[in-house]
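Undergrad: Pasting target_6.pdb here (PDB, C-alpha atoms):
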ATOM      1  CA  MET A   1     149.950  86.698 -22.880  1.00  0.00           C
ATOM      2  CA  PHE A   2     151.064  86.617 -19.237  1.00  0.00           C
ATOM      3  CA  LYS A   3     150.840  82.813 -19.115  1.00  0.00           C
ATOM      4  CA  LYS A   4     152.995  82.463 -22.250  1.00  0.00           C
ATOM      5  CA  LEU A   5     155.574  84.895 -20.891  1.00  0.00           C
ATOM      6  CA  SER A   6     155.727  83.181 -17.506  1.00  0.00           C
ATOM      7  CA  LEU A   7     156.006  79.775 -19.197  1.00  0.00           C
ATOM      8  CA  ILE A   8     158.846  80.978 -21.427  1.00  0.00           C
ATOM      9  CA  LEU A   9     160.647  82.586 -18.495  1.00  0.00           C
ATOM     10  CA  GLY A  10     160.152  79.463 -16.396  1.00  0.00           C
ATOM     11  CA  VAL A  11     161.540  77.136 -19.057  1.00  0.00           C
ATOM     12  CA  ALA A  12     164.429  79.514 -19.813  1.00  0.00           C
ATOM     13  CA  SER A  13     165.350  79.792 -16.132  1.00  0.00           C
ATOM     14  CA  LEU A  14     165.086  76.025 -15.739  1.00  0.00           C
ATOM     15  CA  LEU A  15     167.481  75.522 -18.632  1.00  0.00           C
ATOM     16  CA  PHE A  16     169.789  78.299 -17.513  1.00  0.00           C
ATOM     17  CA  PHE A  17     170.015  77.317 -13.846  1.00  0.00           C
ATOM     18  CA  SER A  18     169.938  73.554 -14.245  1.00  0.00           C
ATOM     19  CA  ALA A  19     173.099  71.648 -13.576  1.00  0.00           C
ATOM     20  CA  SER A  20     174.851  70.427 -16.665  1.00  0.00           C
ATOM     21  CA  PHE A  21     177.278  67.569 -16.785  1.00  0.00           C
ATOM     22  CA  VAL A  22     180.843  68.736 -16.514  1.00  0.00           C
ATOM     23  CA  TYR A  23     184.038  66.904 -15.919  1.00  0.00           C
ATOM     24  CA  ALA A  24     185.619  69.386 -13.533  1.00  0.00           C
ATOM     25  CA  GLN A  25     186.002  66.788 -10.804  1.00  0.00           C
ATOM     26  CA  PHE A  26     188.912  65.154 -12.629  1.00  0.00           C
ATOM     27  CA  GLY A  27     192.181  66.533 -11.324  1.00  0.00           C
ATOM     28  CA  LEU A  28     190.517  68.169  -8.342  1.00  0.00           C
ATOM     29  CA  GLN A  29     192.997  66.806  -5.805  1.00  0.00           C
ATOM     30  CA  ASP A  30     195.920  67.978  -7.920  1.00  0.00           C
ATOM     31  CA  THR A  31     194.431  71.458  -8.222  1.00  0.00           C
ATOM     32  CA  ALA A  32     193.708  71.596  -4.485  1.00  0.00           C
ATOM     33  CA  SER A  33     197.260  70.615  -3.606  1.00  0.00           C
ATOM     34  CA  ARG A  34     198.684  73.231  -5.973  1.00  0.00           C
ATOM     35  CA  ALA A  35     196.452  75.890  -4.408  1.00  0.00           C
ATOM     36  CA  GLN A  36     197.534  74.707  -0.927  1.00  0.00           C
ATOM     37  CA  TYR A  37     193.926  74.052   0.014  1.00  0.00           C
ATOM     38  CA  GLN A  38     193.529  71.890   3.073  1.00  0.00           C
ATOM     39  CA  GLU A  39     190.277  70.073   3.216  1.00  0.00           C
ATOM     40  CA  GLY A  40     188.584  70.326   6.609  1.00  0.00           C
ATOM     41  CA  ASP A  41     186.152  67.995   8.212  1.00  0.00           C
ATOM     42  CA  ILE A  42     182.393  68.386   8.073  1.00  0.00           C
ATOM     43  CA  TYR A  43     182.174  69.784  11.606  1.00  0.00           C
ATOM     44  CA  SER A  44     184.369  72.778  10.863  1.00  0.00           C
ATOM     45  CA  THR A  45     182.397  73.455   7.676  1.00  0.00           C
ATOM     46  CA  ILE A  46     179.101  73.363   9.561  1.00  0.00           C
ATOM     47  CA  SER A  47     180.557  75.576  12.294  1.00  0.00           C
ATOM     48  CA  THR A  48     181.622  78.142   9.708  1.00  0.00           C
ATOM     49  CA  ALA A  49     178.189  78.064   8.067  1.00  0.00           C
ATOM     50  CA  ILE A  50     176.475  78.593  11.418  1.00  0.00           C
ATOM     51  CA  SER A  51     178.775  81.524  12.186  1.00  0.00           C
ATOM     52  CA  VAL A  52     177.905  83.150   8.859  1.00  0.00           C
ATOM     53  CA  VAL A  53     174.174  82.678   9.410  1.00  0.00           C
ATOM     54  CA  LEU A  54     174.409  84.136  12.910  1.00  0.00           C
ATOM     55  CA  LEU A  55     176.376  87.099  11.548  1.00  0.00           C
ATOM     56  CA  VAL A  56     173.573  87.807   9.088  1.00  0.00           C
ATOM     57  CA  ILE A  57     171.028  87.548  11.897  1.00  0.00           C
ATOM     58  CA  GLY A  58     173.066  90.058  13.911  1.00  0.00           C
ATOM     59  CA  ILE A  59     172.979  92.475  10.993  1.00  0.00           C
ATOM     60  CA  VAL A  60     169.203  91.998  10.766  1.00  0.00           C
ATOM     61  CA  PHE A  61     168.987  92.828  14.498  1.00  0.00           C
ATOM     62  CA  LEU A  62     170.885  96.058  13.924  1.00  0.00           C
ATOM     63  CA  VAL A  63     168.603  97.034  11.036  1.00  0.00           C
ATOM     64  CA  ILE A  64     165.465  96.320  13.097  1.00  0.00           C
ATOM     65  CA  MET A  65     166.780  98.392  16.005  1.00  0.00           C
ATOM     66  CA  ILE A  66     167.591 101.333  13.726  1.00  0.00           C
ATOM     67  CA  TYR A  67     164.158 101.052  12.094  1.00  0.00           C
ATOM     68  CA  ALA A  68     162.381 100.910  15.458  1.00  0.00           C
ATOM     69  CA  GLY A  69     164.406 103.848  16.768  1.00  0.00           C
ATOM     70  CA  LEU A  70     163.552 105.950  13.744  1.00  0.00           C
ATOM     71  CA  ARG A  71     159.919 104.938  14.065  1.00  0.00           C
ATOM     72  CA  TRP A  72     159.916 106.004  17.712  1.00  0.00           C
ATOM     73  CA  MET A  73     161.600 109.325  16.944  1.00  0.00           C
ATOM     74  CA  THR A  74     159.098 110.117  14.200  1.00  0.00           C
ATOM     75  CA  ALA A  75     156.049 109.056  16.231  1.00  0.00           C
ATOM     76  CA  ARG A  76     155.344 112.687  17.286  1.00  0.00           C
ATOM     77  CA  GLY A  77     153.727 111.581  20.510  1.00  0.00           C
ATOM     78  CA  ASN A  78     151.346 109.079  18.894  1.00  0.00           C
ATOM     79  CA  GLU A  79     151.089 106.280  21.447  1.00  0.00           C
ATOM     80  CA  THR A  80     150.248 103.552  18.929  1.00  0.00           C
ATOM     81  CA  PHE A  81     153.406 104.228  16.909  1.00  0.00           C
ATOM     82  CA  ILE A  82     155.474 104.366  20.086  1.00  0.00           C
ATOM     83  CA  GLU A  83     154.056 101.032  21.251  1.00  0.00           C
ATOM     84  CA  LYS A  84     154.799  99.457  17.853  1.00  0.00           C
ATOM     85  CA  ALA A  85     158.370 100.748  18.047  1.00  0.00           C
ATOM     86  CA  LYS A  86     158.746  99.407  21.599  1.00  0.00           C
ATOM     87  CA  ASP A  87     157.378  96.027  20.500  1.00  0.00           C
ATOM     88  CA  ALA A  88     159.824  95.917  17.588  1.00  0.00           C
ATOM     89  CA  MET A  89     162.731  96.746  19.901  1.00  0.00           C
ATOM     90  CA  PHE A  90     161.621  94.165  22.433  1.00  0.00           C
ATOM     91  CA  GLY A  91     161.320  91.524  19.725  1.00  0.00           C
ATOM     92  CA  ALA A  92     164.746  92.431  18.339  1.00  0.00           C
ATOM     93  CA  VAL A  93     166.378  92.210  21.778  1.00  0.00           C
ATOM     94  CA  MET A  94     164.715  88.870  22.498  1.00  0.00           C
ATOM     95  CA  GLY A  95     165.875  87.619  19.105  1.00  0.00           C
ATOM     96  CA  LEU A  96     169.409  88.790  19.841  1.00  0.00           C
ATOM     97  CA  ILE A  97     169.377  86.961  23.169  1.00  0.00           C
ATOM     98  CA  LEU A  98     168.134  83.807  21.439  1.00  0.00           C
ATOM     99  CA  VAL A  99     170.800  84.102  18.735  1.00  0.00           C
ATOM    100  CA  SER A 100     173.529  84.698  21.330  1.00  0.00           C
ATOM    101  CA  VAL A 101     172.521  81.620  23.293  1.00  0.00           C
ATOM    102  CA  SER A 102     172.339  79.508  20.144  1.00  0.00           C
ATOM    103  CA  TYR A 103     175.755  80.786  19.031  1.00  0.00           C
ATOM    104  CA  ALA A 104     177.295  79.937  22.389  1.00  0.00           C
ATOM    105  CA  LEU A 105     175.695  76.509  22.297  1.00  0.00           C
ATOM    106  CA  SER A 106     176.851  75.784  18.746  1.00  0.00           C
ATOM    107  CA  VAL A 107     180.404  76.951  19.489  1.00  0.00           C
ATOM    108  CA  PHE A 108     180.491  74.724  22.557  1.00  0.00           C
ATOM    109  CA  ILE A 109     179.147  71.671  20.723  1.00  0.00           C
ATOM    110  CA  PHE A 110     181.273  72.047  17.600  1.00  0.00           C
ATOM    111  CA  SER A 111     184.444  72.789  19.562  1.00  0.00           C
ATOM    112  CA  ARG A 112     183.940  69.440  21.271  1.00  0.00           C
ATOM    113  CA  LEU A 113     183.192  67.643  18.011  1.00  0.00           C
ATOM    114  CA  ILE A 114     186.186  69.074  16.151  1.00  0.00           C
ATOM    115  CA  LYS A 115     188.598  67.860  18.843  1.00  0.00           C
TER     116      LYS A 115
END
What is this file in C-alpha coordinates?
TA:
Amino acid sequence: MFKKLSLILGVASLLFFSASFVYAQFGLQDTASRAQYQEGDIYSTISTAISVVLLVIGIVFLVIMIYAGLRWMTARGNETFIEKAKDAMFGAVMGLILVSVSYALSVFIFSRLIK
(Lines of atoms letter the chains of each structure in order from A and count residues from 1; the text may use other names and numbers.)
(Lines give C-alpha, C1' and ligand atoms only; values in the text may rest on other atoms or scores of the structure.)
Protein backbone atom coordinates (compact mmCIF):
# COMPACT_ATOMS: atom_id res chain seq x y z
CA MET A 1 0.00 0.00 0.00
CA PHE A 2 2.79 2.42 0.95
CA LYS A 3 4.76 1.58 -2.21
CA LYS A 4 1.73 2.24 -4.43
CA LEU A 5 1.02 5.53 -2.68
CA SER A 6 4.63 6.69 -2.92
CA LEU A 7 4.76 5.67 -6.59
CA ILE A 8 1.55 7.58 -7.36
CA LEU A 9 2.76 10.64 -5.46
CA GLY A 10 6.14 10.45 -7.18
CA VAL A 11 4.64 10.25 -10.67
CA ALA A 12 2.11 12.99 -9.88
CA SER A 13 4.81 15.31 -8.54
CA LEU A 14 7.00 14.55 -11.55
CA LEU A 15 4.18 15.49 -13.89
CA PHE A 16 3.17 18.51 -11.85
CA PHE A 17 6.65 19.97 -11.37
CA SER A 18 8.13 19.07 -14.74
CA ALA A 19 8.75 21.84 -17.19
CA SER A 20 6.27 22.00 -20.00
CA PHE A 21 6.88 23.63 -23.33
CA VAL A 22 5.60 27.16 -23.42
CA TYR A 23 6.11 29.95 -25.84
CA ALA A 24 6.50 32.76 -23.32
CA GLN A 25 9.92 33.71 -24.65
CA PHE A 26 8.39 35.33 -27.73
CA GLY A 27 7.95 39.04 -27.14
CA LEU A 28 10.12 38.99 -24.03
CA GLN A 29 12.23 41.98 -25.07
CA ASP A 30 9.11 44.00 -25.85
CA THR A 31 7.60 43.16 -22.47
CA ALA A 32 10.86 43.99 -20.68
CA SER A 33 11.11 47.37 -22.39
CA ARG A 34 7.50 48.20 -21.52
CA ALA A 35 8.15 47.27 -17.88
CA GLN A 36 11.33 49.40 -17.93
CA TYR A 37 13.40 46.39 -16.92
CA GLN A 38 17.10 46.84 -17.49
CA GLU A 39 18.96 43.63 -17.90
CA GLY A 40 22.13 43.48 -15.82
CA ASP A 41 25.24 41.49 -16.40
CA ILE A 42 25.94 38.11 -14.85
CA TYR A 43 28.29 39.54 -12.23
CA SER A 44 25.66 41.77 -10.67
CA THR A 45 23.20 38.87 -10.64
CA ILE A 46 25.70 36.61 -8.89
CA SER A 47 26.55 39.39 -6.43
CA THR A 48 22.87 39.80 -5.57
CA ALA A 49 22.46 36.05 -5.11
CA ILE A 50 25.47 35.90 -2.80
CA SER A 51 24.10 38.80 -0.75
CA VAL A 52 20.78 37.01 -0.33
CA VAL A 53 22.46 33.77 0.72
CA LEU A 54 24.64 35.61 3.24
CA LEU A 55 21.56 37.39 4.61
CA VAL A 56 19.91 34.02 5.22
CA ILE A 57 23.07 32.77 6.92
CA GLY A 58 23.02 35.85 9.17
CA ILE A 59 19.45 35.06 10.17
CA VAL A 60 20.50 31.48 10.94
CA PHE A 61 23.29 32.89 13.15
CA LEU A 62 20.76 34.96 15.07
CA VAL A 63 18.49 31.95 15.58
CA ILE A 64 21.40 29.79 16.80
CA MET A 65 22.49 32.49 19.26
CA ILE A 66 18.97 32.85 20.65
CA TYR A 67 18.65 29.07 20.94
CA ALA A 68 22.02 28.75 22.69
CA GLY A 69 21.17 31.62 25.04
CA LEU A 70 17.87 30.04 25.99
CA ARG A 71 19.59 26.70 26.46
CA TRP A 72 22.14 28.32 28.77
CA MET A 73 19.46 30.13 30.77
CA THR A 74 17.46 26.94 31.24
CA ALA A 75 20.48 24.79 32.13
CA ARG A 76 19.83 25.22 35.90
CA GLY A 77 23.49 24.82 36.72
CA ASN A 78 23.97 21.59 34.75
CA GLU A 79 27.50 21.86 33.40
CA THR A 80 26.92 19.63 30.37
CA PHE A 81 24.06 21.81 29.12
CA ILE A 82 26.10 24.94 29.76
CA GLU A 83 29.04 23.52 27.81
CA LYS A 84 26.75 22.58 24.90
CA ALA A 85 25.34 26.11 24.89
CA LYS A 86 28.85 27.60 24.97
CA ASP A 87 29.90 25.33 22.09
CA ALA A 88 26.86 26.38 20.07
CA MET A 89 27.62 30.06 20.69
CA PHE A 90 31.27 29.58 19.80
CA GLY A 91 30.34 27.78 16.60
CA ALA A 92 27.83 30.49 15.70
CA VAL A 93 30.38 33.27 16.27
CA MET A 94 33.02 31.45 14.23
CA GLY A 95 30.46 30.95 11.47
CA LEU A 96 29.57 34.64 11.57
CA ILE A 97 33.24 35.58 11.28
CA LEU A 98 33.62 33.22 8.32
CA VAL A 99 30.50 34.62 6.64
CA SER A 100 31.66 38.21 7.23
CA VAL A 101 35.04 37.52 5.67
CA SER A 102 33.45 35.74 2.71
CA TYR A 103 31.00 38.62 2.24
CA ALA A 104 33.80 41.17 2.27
CA LEU A 105 35.79 39.08 -0.18
CA SER A 106 32.85 38.60 -2.55
CA VAL A 107 31.96 42.31 -2.45
CA PHE A 108 35.57 43.19 -3.23
CA ILE A 109 35.84 40.71 -6.11
CA PHE A 110 32.48 41.48 -7.69
CA SER A 111 32.92 45.24 -7.37
CA ARG A 112 36.08 44.85 -9.43
CA LEU A 113 34.40 42.58 -11.97
CA ILE A 114 31.36 44.82 -12.45
CA LYS A 115 33.55 47.83 -13.28
Undergrad: Within 8 Å of range 78-85 of chain A, counting all atoms listed in the file, which residues show up once you throw out same-chain ones fewer than 6 positions away? Write them as a ChimeraX atom specification, please.
TA: /A:68-69,71-72
Undergrad: Please dump the current selection as an mmCIF file, keeping the file's coordinate frame; keep C-alpha atoms.
TA:
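Result written to selection.cif:
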data_model
loop_
_atom_site.group_PDB
_atom_site.id
_atom_site.type_symbol
_atom_site.label_atom_id
_atom_site.label_comp_id
_atom_site.auth_asym_id
_atom_site.auth_seq_id
_atom_site.Cartn_x
_atom_site.Cartn_y
_atom_site.Cartn_z
ATOM 1 C CA ALA A 68 162.381 100.910 15.458
ATOM 2 C CA GLY A 69 164.406 103.848 16.768
ATOM 3 C CA ARG A 71 159.919 104.938 14.065
ATOM 4 C CA TRP A 72 159.916 106.004 17.712
#
Undergrad: Find, counting only C-alpha atoms, the residue in A:Asp30, A:Ala49, A:Leu54, A:Asp87 that gets nearest to Tyr67 in chain A.
TA: A:Asp87
Undergrad: Using all atoms listed in the file, list the residues that have an atom at most 12 Å from (168.7, 98.8, 19.0), coordinates as in the file, as a list in words.
TA: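 Looking at atoms near the point gives Gly58, Ile59, Val60, Phe61, Leu62, Val63, Ile64, Met65, Ile66, Tyr67, Ala68, Gly69, Leu70, Arg71, Trp72, Ala85, Lys86, Asp87, Ala88, Met89, Phe90, Gly91, Ala92, Val93, Met94, Gly95 and Leu96 of chain A.
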Undergrad: Quick check, in Å to one decimal: how far apart do CA of Ser111 in chain A and CA of Val53 in chain A lie?
TA: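 Pair CA of Ser111 in chain A / CA of Val53 in chain A returns 17.5 Å.
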Undergrad: What does the distance between CA of Met73 in chain A and CA of Ser100 in chain A come to in Å, to one decimal place?
TA: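 Atom-to-atom, CA of Met73 in chain A to CA of Ser100 in chain A, that is 27.7 Å.
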Undergrad: Please indicate the distance in Å from CA of Leu98 in chain A to CA of Ile42 in chain A, rounded to one decimal place.
TA: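 Separation of CA of Leu98 in chain A and CA of Ile42 in chain A: 24.9 Å.
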Undergrad: Got a sec: who's within 12 Å of Ile46 in chain A, counting only C-alpha atoms, leaving out chain neighbours fewer than 3 positions off, as number ranges by chain?
TA: A: 40-43, 49-53, 106-107, 109-111, 113-114
